[in-house]
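Novice: To start, I am sharing the structure in question, which I have written as structure tokens.
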Amino acid sequence: MSRLDEHGKWRKLWFVLGNTSLRYYRDTEAEESDDLDGEIDLTSCVSVSDCDVEKNYGFQIQTKRAVFTLSVMTSRIRRNWVKLLKQAIQNNTQ
């Protein structure tokens with residue numbers, strides 16, 4: 001999956017969904033060595049929604065502090081990520 005960074009450039013990253021966060025790493029090797037690139041706190045998430053991007057199929061995660069724009073290769077993958085993220089958020093608000 002790719003993330004639109006603060007400079008407007010797409011960065012391909014490795015994402016791992018946990019109970020309360022979506023962590024991202026440079027690649028699978030970085031995950032194995034626990035070299036975290038960043039983390040999205042799902043406990044402060046406001047919404048997850050599809051969005052139009054110039055690269056493949058986009059969606060946004062809006063937290064109380066920031067908006068994260070992500071892109072995946074197919075609409076099916078996007079649908080799966082949005083569904084899983086919404087479930088994770090719902091689990092954290094109960």
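How things are named: the first chain in the structure tokens is A, the next is B, and so on; residues count from 1 in each chain; ligands count from 1 in the order shown.
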As a list in words, which residues of stretch 12-76 of chain A does DSSP assign to alpha helix (DSSP H)?
Specialist: Thr28, Glu29, Ala30, Glu31, Glu32, Ser75 and Arg76 of chain A
Novice: Quick one: everything within 8 Å of stretch 62-77 of chain A, counting only C-alpha atoms, minus sequence neighbours fewer than 6 positions away in the same chain. Send it as a compact mmCIF listing (two decimals) with all heavy atoms, in the first residue's frame.
Specialist:
```txt
# COMPACT_ATOMS: atom_id res chain seq x y z
N MET A 1 0.86 -1.17 0.00
CA MET A 1 0.00 0.00 0.00
C MET A 1 0.90 1.23 0.00
O MET A 1 2.02 1.19 0.51
CB MET A 1 -0.88 -0.06 1.26
CG MET A 1 -1.92 1.00 1.32
SD MET A 1 -3.35 0.67 2.39
CE MET A 1 -2.70 -0.15 3.82
N SER A 2 0.41 2.31 -0.55
CA SER A 2 1.18 3.55 -0.60
C SER A 2 0.50 4.62 0.25
O SER A 2 -0.72 4.65 0.39
CB SER A 2 1.28 4.06 -2.04
OG SER A 2 1.98 3.13 -2.83
N ARG A 3 1.32 5.50 0.79
CA ARG A 3 0.83 6.62 1.61
C ARG A 3 1.29 7.93 0.99
O ARG A 3 2.45 8.06 0.59
CB ARG A 3 1.38 6.49 3.03
CG ARG A 3 0.99 7.67 3.90
CD ARG A 3 1.50 7.49 5.33
NE ARG A 3 1.18 8.68 6.08
CZ ARG A 3 2.07 9.60 6.44
NH1 ARG A 3 3.33 9.44 6.15
NH2 ARG A 3 1.70 10.67 7.10
N LEU A 4 0.39 8.89 0.92
CA LEU A 4 0.73 10.22 0.43
C LEU A 4 1.40 10.96 1.58
O LEU A 4 0.79 11.19 2.63
CB LEU A 4 -0.54 10.94 -0.02
CG LEU A 4 -0.36 12.24 -0.79
CD1 LEU A 4 0.40 12.01 -2.10
CD2 LEU A 4 -1.71 12.87 -1.07
N ASP A 41 -3.05 6.10 15.02
CA ASP A 41 -3.79 5.72 16.22
C ASP A 41 -5.27 5.58 15.87
O ASP A 41 -5.94 6.59 15.60
CB ASP A 41 -3.58 6.77 17.31
CG ASP A 41 -4.34 6.47 18.57
OD1 ASP A 41 -4.86 5.33 18.72
OD2 ASP A 41 -4.42 7.37 19.43
N LEU A 42 -5.77 4.35 15.89
CA LEU A 42 -7.17 4.13 15.52
C LEU A 42 -8.14 4.49 16.63
O LEU A 42 -9.32 4.66 16.38
CB LEU A 42 -7.37 2.66 15.10
CG LEU A 42 -6.58 2.23 13.86
CD1 LEU A 42 -6.83 0.77 13.55
CD2 LEU A 42 -6.91 3.10 12.65
N SER A 44 -8.23 7.30 18.02
CA SER A 44 -8.63 8.70 17.80
C SER A 44 -9.21 8.90 16.40
O SER A 44 -9.34 10.02 15.93
CB SER A 44 -7.42 9.62 17.99
OG SER A 44 -6.49 9.44 16.95
N CYS A 45 -9.57 7.79 15.76
CA CYS A 45 -10.08 7.85 14.39
C CYS A 45 -11.51 8.38 14.36
O CYS A 45 -12.35 8.01 15.16
CB CYS A 45 -10.02 6.46 13.77
SG CYS A 45 -10.24 6.52 12.00
N VAL A 46 -11.75 9.28 13.40
CA VAL A 46 -13.07 9.88 13.23
C VAL A 46 -13.82 9.17 12.09
O VAL A 46 -15.00 8.86 12.21
CB VAL A 46 -12.95 11.39 12.92
CG1 VAL A 46 -14.30 12.00 12.65
CG2 VAL A 46 -12.22 12.10 14.06
N SER A 47 -13.12 8.88 10.98
CA SER A 47 -13.77 8.23 9.85
C SER A 47 -12.76 7.57 8.92
O SER A 47 -11.57 7.91 8.91
CB SER A 47 -14.61 9.23 9.06
OG SER A 47 -13.76 10.14 8.39
N VAL A 48 -13.28 6.63 8.13
CA VAL A 48 -12.52 5.99 7.05
C VAL A 48 -13.43 6.03 5.83
O VAL A 48 -14.59 5.62 5.91
CB VAL A 48 -12.18 4.52 7.39
CG1 VAL A 48 -11.44 3.86 6.25
CG2 VAL A 48 -11.38 4.42 8.66
N VAL A 53 -7.93 9.50 -5.91
CA VAL A 53 -6.51 9.84 -5.95
C VAL A 53 -6.02 9.58 -7.36
O VAL A 53 -6.66 8.86 -8.13
CB VAL A 53 -5.68 9.02 -4.94
CG1 VAL A 53 -6.05 9.37 -3.51
CG2 VAL A 53 -5.80 7.54 -5.17
N LYS A 55 -3.48 7.93 -8.15
CA LYS A 55 -2.79 6.65 -8.22
C LYS A 55 -3.68 5.53 -7.68
O LYS A 55 -3.93 5.45 -6.49
CB LYS A 55 -1.49 6.74 -7.40
CG LYS A 55 -0.68 5.48 -7.43
CD LYS A 55 0.60 5.64 -6.63
CE LYS A 55 1.35 4.32 -6.66
NZ LYS A 55 2.61 4.37 -5.99
N ASN A 56 -4.17 4.70 -8.55
CA ASN A 56 -4.96 3.51 -8.19
C ASN A 56 -6.23 3.84 -7.41
O ASN A 56 -6.99 4.70 -7.82
CB ASN A 56 -4.08 2.50 -7.46
CG ASN A 56 -2.90 2.04 -8.29
OD1 ASN A 56 -2.99 1.91 -9.49
ND2 ASN A 56 -1.77 1.82 -7.65
```
Novice: Go ahead and compute the interatomic distance for atom CA of A:Glu54 and atom CA of A:Trp81, in Å to one decimal.
Specialist: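 Interatomic distance, atom CA of A:Glu54 to atom CA of A:Trp81: 18.7 Å.
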Novice: Please compute the atom CA of A:Ser49-atom CA of A:Asn92 distance, one decimal, in Å.
Specialist: 17.7 Å
Novice: What are the DSSP strand (DSSP E) residues of chain A, as an NGL selection string?
Specialist: :A and (2-4 or 10-12 or 14-17 or 21-25 or 36-41 or 45-51 or 57-63 or 67-72)
